[in-house]
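Enquirer: Let me begin by handing over the structure; questions about it come next.
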Amino acid sequence: MRRRLLIAGAAAVIAAAALSLGDALQGGSGQAAPQAAPEPVASADSPGSPEANVEQLQVRLRANPRDAHAYALLGVAYEQRARETGDPTYYTKAGGALHRAISLAPKDLVAVSGLGSLALSRHRFREALARGREAHRLSPSTALTYGIVGDALVELGRYPAAFRAFDTMARLKPGLASYSRIAYGRELLGQTAGAVQAMQLAVDAATSEREPTAWTHWQLGKLYWSAGRLGDAEHQYRAALAVFPGYVYALDALAQVEAARGHTARAISLERRAVDEIPLPQFVGLLGDLYRLDGRPALARRQYELVGVIQRLLVANGVKTDLETALFDVDHTIRLRHALVLARRAQAERPSIDGDDVLAWTLARDGRCGEALRWSRLALRLGTQDALKLFHRGMIERCLGHRTTARSYLRRALGLNPHFSIVWSPVARKALR
């Protein structure tokens, strides 16, 4: 029986009925949908912007170099700066400050939770789980600790436990962070309508705060995009930009909408704005794909080379990128054998359905379609509505000569979202012809 969240207030009661994941998974394992953004640990000691907080806390620490809590808050502020700027060197600074806080005060909740969030940002999910559980032992009633634990468990393929953590988080503190995680869980289960409902509650919960509001509109738009609802997706992305002009994630998402509509020049302009602001690998890679689509291969190659540079910078600052690097390389026919090594390692360290799917696709691109089929079956076992994973399965079946099954999966992918990939949607359409 599904558990219901008992929360005071009419809106919260609606959320309770819509949000509890309860026993939706009974011993199963799931697929990793887009993860809720890791949130900073709130503190009354740090009410300003992260940039201002960094300066204030540095002054505070110069006056008292043994102020453990100030080090913890500084570490959290550095994490936020990393997310705002895309500069991974802030992760290294955050780690230094947080470990200094722990050395001075091993039971500082902000420091322990901050290390958990930092581990999530660096894709070090076993470490994140250990830190989240440590934070939970320090304060079992703090909702954030359940979010850290749940996020880590999802990426480790332990979905029943992750969903229980999300339910507890929502019961303790209904709001943006818990609603977005419930939306995430419903998306994993292929329950798009329920995911949209939960994310709409997250939008409402963001109130008037600029960045959280923009983030929730962007996340809601991505849910619509995944379901092929371009108009609804565009509306949410523009709502994000209205709240937060220049919000890079919305610019990137709008570029995909424009590309889907055949407006390649507009898409390139939007993506260049995103890249100029924060050169994240996924932005740079998409810009390369758009240049290639526009018949400018030299510019495309330049972007692809830049992706490699950025990935190396991330690794140098403690971020594990094996999964993302393997997928990018195999999609762009770069060092396929090395990509397979990365994909195997990534799946072992990150045994979610994303790990299963990337390994399946990498094996298929290396001609090992029989082995790929096993991993693709695992990647789809929850019924998640993910057009790219359905496309991968269709191409694997096609490689094995299962033409009827292949066509079924390719139709499903295009029926769900005809524009799921600049690179692969045309391939799916051609295969069906």
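Ligands are numbered from 1 in the order shown, chains are lettered A, B, ... in the order of the structure tokens, and residues start at 1 in each chain.
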Can you list, as a ChimeraX atom specification, all residues belonging to range 245-395 of chain A that DSSP tags as helix (DSSP H, G or I)?

Expert: /A:248-260,264-277,281-293,297-316,322-331,336-349,353-365,369-379,387-395

Enquirer: Could you give me, as a PyMOL selection string, the residues within 10 Å of range 55-67 of chain A, counting only C-alpha atoms and dropping anything in the same chain fewer than 2 positions from it?

Expert: chain A and resi 45-46+48+50-53+69-75+77+100-101+103-105

Enquirer: At a cut-off of 6 Å, using only C-alpha atoms, what residues contact range 200-203 of chain A? Leave out same-chain residues fewer than 4 positions from it and give the result as a list in words.

Expert: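 Listing them by chain and then by number gives Leu176, Tyr179, Ser180 and Thr216 of chain A.
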
Enquirer: Any idea what the distance is between CA of Ala348 in chain A and CA of Phe283 in chain A?

Expert: 26.7 Å

Enquirer: Distance CA of Gly288 in chain A-CA of Gln303 in chain A, one decimal place?

Expert: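 Answer for the CA of Gly288 in chain A to CA of Gln303 in chain A separation: 5.0 Å.
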
Enquirer: Identify, on the basis of only C-alpha atoms, every residue whose closest approach to Leu388 in chain A does not exceed 9 Å; exclude the query and any residue fewer than 2 positions from it along the same chain; express the result as a list in words.

Expert: Asp386, Leu390, Phe391, His392, Arg393, Ala413, Phe420, Ser421, Trp424 and Ser425 of chain A

Enquirer: Using N, CA and C atoms, can you export the residues from the last selection as a PDB file, in the first residue's frame?

Expert:
```pdb
ATOM      1  N   ASP A 386      12.071   7.084 -21.928  1.00  0.00           N
ATOM      2  CA  ASP A 386      13.297   7.769 -22.343  1.00  0.00           C
ATOM      3  C   ASP A 386      13.564   7.415 -23.799  1.00  0.00           C
ATOM      4  N   LEU A 390      15.302   4.011 -25.695  1.00  0.00           N
ATOM      5  CA  LEU A 390      14.510   3.203 -26.625  1.00  0.00           C
ATOM      6  C   LEU A 390      15.192   3.129 -27.989  1.00  0.00           C
ATOM      7  N   PHE A 391      15.771   4.253 -28.425  1.00  0.00           N
ATOM      8  CA  PHE A 391      16.526   4.247 -29.689  1.00  0.00           C
ATOM      9  C   PHE A 391      17.714   3.291 -29.605  1.00  0.00           C
ATOM     10  N   HIS A 392      18.458   3.379 -28.492  1.00  0.00           N
ATOM     11  CA  HIS A 392      19.601   2.468 -28.331  1.00  0.00           C
ATOM     12  C   HIS A 392      19.155   1.011 -28.452  1.00  0.00           C
ATOM     13  N   ARG A 393      18.039   0.684 -27.794  1.00  0.00           N
ATOM     14  CA  ARG A 393      17.547  -0.694 -27.849  1.00  0.00           C
ATOM     15  C   ARG A 393      17.155  -1.062 -29.278  1.00  0.00           C
ATOM     16  N   ALA A 413      10.534   5.321 -29.750  1.00  0.00           N
ATOM     17  CA  ALA A 413      11.421   6.450 -29.459  1.00  0.00           C
ATOM     18  C   ALA A 413      10.946   7.714 -30.159  1.00  0.00           C
ATOM     19  N   PHE A 420      14.445  13.770 -30.094  1.00  0.00           N
ATOM     20  CA  PHE A 420      15.175  13.424 -28.875  1.00  0.00           C
ATOM     21  C   PHE A 420      16.672  13.664 -28.978  1.00  0.00           C
ATOM     22  N   SER A 421      17.225  13.706 -30.193  1.00  0.00           N
ATOM     23  CA  SER A 421      18.667  13.901 -30.363  1.00  0.00           C
ATOM     24  C   SER A 421      18.952  14.505 -31.725  1.00  0.00           C
ATOM     25  N   TRP A 424      20.921  11.572 -33.364  1.00  0.00           N
ATOM     26  CA  TRP A 424      20.354  10.235 -33.574  1.00  0.00           C
ATOM     27  C   TRP A 424      18.907  10.203 -34.049  1.00  0.00           C
ATOM     28  N   SER A 425      18.140  11.254 -33.865  1.00  0.00           N
ATOM     29  CA  SER A 425      16.761  11.231 -34.377  1.00  0.00           C
ATOM     30  C   SER A 425      16.717  10.999 -35.887  1.00  0.00           C
TER      31      SER A 425
END
```

Enquirer: Could you tell me which of A:Tyr409, A:Trp361, A:Phe163, A:Tyr237 comes closest to Leu432 in chain A if we count only C-alpha atoms?

Expert: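 With only C-alpha atoms as the atom set, the closest residue is A:Tyr409.
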
Enquirer: Fewer than 2 positions away in the same chain doesn't count, so skip those; otherwise give me all residues within 12 Å of Leu327 in chain A, counting only C-alpha atoms, as JSON, numbers by chain.

Expert: {"A": [281, 282, 285, 321, 322, 323, 324, 325, 329, 330, 331, 332, 333, 334, 335, 336, 338, 339, 340, 341, 342, 343, 344, 346, 347, 354, 355, 356, 357, 358, 359, 360, 361, 362, 363, 365, 388, 392]}

Enquirer: For Leu189 in chain A, please output as a PyMOL selection string all residues within 6 Å (counting only C-alpha atoms; exclusion window: fewer than 3 positions along the same chain).

Expert: chain A and resi 186+382+384

Enquirer: Which residue is closest to Pro351 in chain A? Choose from A:Ala206, A:Ala255, A:Ala379, A:Leu138 and count only C-alpha atoms.

Expert: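 Nearest to Pro351 in chain A: A:Ala379.
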
Enquirer: I'd like to know which of A:Val76, A:Leu414, A:Leu287, A:Ile182 is closest to Tyr90 in chain A, using only C-alpha atoms.

Expert: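 Residue with the minimum atom-to-atom distance to Tyr90 in chain A: A:Val76.
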
Enquirer: Counting only C-alpha atoms, what is within 9 Å of Glu187 in chain A, bar same-chain residues fewer than 3 positions away, as a PyMOL selection string?

Expert: chain A and resi 33-34+182-184+190-196+223+384-385

Enquirer: Suppose we keep N, CA and C atoms; can you now write the selection as a PDB file, in the first residue's frame?

Expert:
```pdb
ATOM      1  N   ALA A  33      17.063   9.230 -13.845  1.00  0.00           N
ATOM      2  CA  ALA A  33      16.557  10.376 -14.586  1.00  0.00           C
ATOM      3  C   ALA A  33      17.379  11.598 -14.205  1.00  0.00           C
ATOM      4  N   PRO A  34      17.117  12.760 -14.823  1.00  0.00           N
ATOM      5  CA  PRO A  34      17.867  13.947 -14.453  1.00  0.00           C
ATOM      6  C   PRO A  34      17.751  14.222 -12.961  1.00  0.00           C
ATOM      7  N   ILE A 182      10.627  13.856  -5.681  1.00  0.00           N
ATOM      8  CA  ILE A 182       9.485  12.976  -5.946  1.00  0.00           C
ATOM      9  C   ILE A 182       9.180  12.971  -7.446  1.00  0.00           C
ATOM     10  N   ALA A 183       9.283  14.154  -8.080  1.00  0.00           N
ATOM     11  CA  ALA A 183       9.104  14.206  -9.537  1.00  0.00           C
ATOM     12  C   ALA A 183      10.125  13.319 -10.235  1.00  0.00           C
ATOM     13  N   TYR A 184      11.328  13.381  -9.769  1.00  0.00           N
ATOM     14  CA  TYR A 184      12.417  12.551 -10.287  1.00  0.00           C
ATOM     15  C   TYR A 184      12.064  11.072 -10.165  1.00  0.00           C
ATOM     16  N   GLY A 190       8.390   6.025 -15.188  1.00  0.00           N
ATOM     17  CA  GLY A 190       7.631   6.250 -16.409  1.00  0.00           C
ATOM     18  C   GLY A 190       6.302   6.924 -16.179  1.00  0.00           C
ATOM     19  N   GLN A 191       6.116   7.532 -15.012  1.00  0.00           N
ATOM     20  CA  GLN A 191       4.851   8.185 -14.662  1.00  0.00           C
ATOM     21  C   GLN A 191       4.970   9.684 -14.957  1.00  0.00           C
ATOM     22  N   THR A 192       4.912  10.031 -16.224  1.00  0.00           N
ATOM     23  CA  THR A 192       5.182  11.403 -16.638  1.00  0.00           C
ATOM     24  C   THR A 192       4.184  12.387 -16.053  1.00  0.00           C
ATOM     25  N   ALA A 193       2.913  12.046 -16.068  1.00  0.00           N
ATOM     26  CA  ALA A 193       1.901  12.964 -15.531  1.00  0.00           C
ATOM     27  C   ALA A 193       2.141  13.232 -14.052  1.00  0.00           C
ATOM     28  N   GLY A 194       2.447  12.190 -13.299  1.00  0.00           N
ATOM     29  CA  GLY A 194       2.736  12.368 -11.881  1.00  0.00           C
ATOM     30  C   GLY A 194       3.996  13.175 -11.660  1.00  0.00           C
ATOM     31  N   ALA A 195       5.000  12.991 -12.502  1.00  0.00           N
ATOM     32  CA  ALA A 195       6.230  13.770 -12.389  1.00  0.00           C
ATOM     33  C   ALA A 195       5.956  15.243 -12.649  1.00  0.00           C
ATOM     34  N   VAL A 196       5.152  15.532 -13.667  1.00  0.00           N
ATOM     35  CA  VAL A 196       4.798  16.917 -13.974  1.00  0.00           C
ATOM     36  C   VAL A 196       4.042  17.543 -12.799  1.00  0.00           C
ATOM     37  N   LEU A 223      10.694  17.899 -18.511  1.00  0.00           N
ATOM     38  CA  LEU A 223       9.696  16.821 -18.477  1.00  0.00           C
ATOM     39  C   LEU A 223       8.789  16.901 -19.704  1.00  0.00           C
ATOM     40  N   THR A 384      10.827   3.263 -17.886  1.00  0.00           N
ATOM     41  CA  THR A 384      11.071   4.705 -17.988  1.00  0.00           C
ATOM     42  C   THR A 384      10.869   5.166 -19.427  1.00  0.00           C
ATOM     43  N   GLN A 385      10.182   6.298 -19.574  1.00  0.00           N
ATOM     44  CA  GLN A 385       9.900   6.828 -20.905  1.00  0.00           C
ATOM     45  C   GLN A 385      11.057   7.707 -21.363  1.00  0.00           C
TER      46      GLN A 385
END
```

Enquirer: Which residue out of A:Leu109, A:Ala227, A:Ala161, A:Ala82 has the minimum interatomic distance to Thr145 in chain A when only C-alpha atoms are used?

Expert: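 The closest residue to Thr145 in chain A is A:Leu109.
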
Enquirer: Between A:Leu280, A:Ala326, A:Val248, A:Ile102, single out the one closest to Leu314 in chain A, counting only C-alpha atoms.

Expert: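 Of A:Leu280, A:Ala326, A:Val248, A:Ile102, the one nearest Leu314 in chain A is A:Leu280, counting only C-alpha atoms.
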
Enquirer: Identify which of the residues A:Gly95, A:Gly147, A:Pro140, A:Gly383 lies closest to Ala119 in chain A, counting only C-alpha atoms when measuring atom-to-atom distances.

Expert: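 Closest to Ala119 in chain A, using only C-alpha atoms: A:Gly95.
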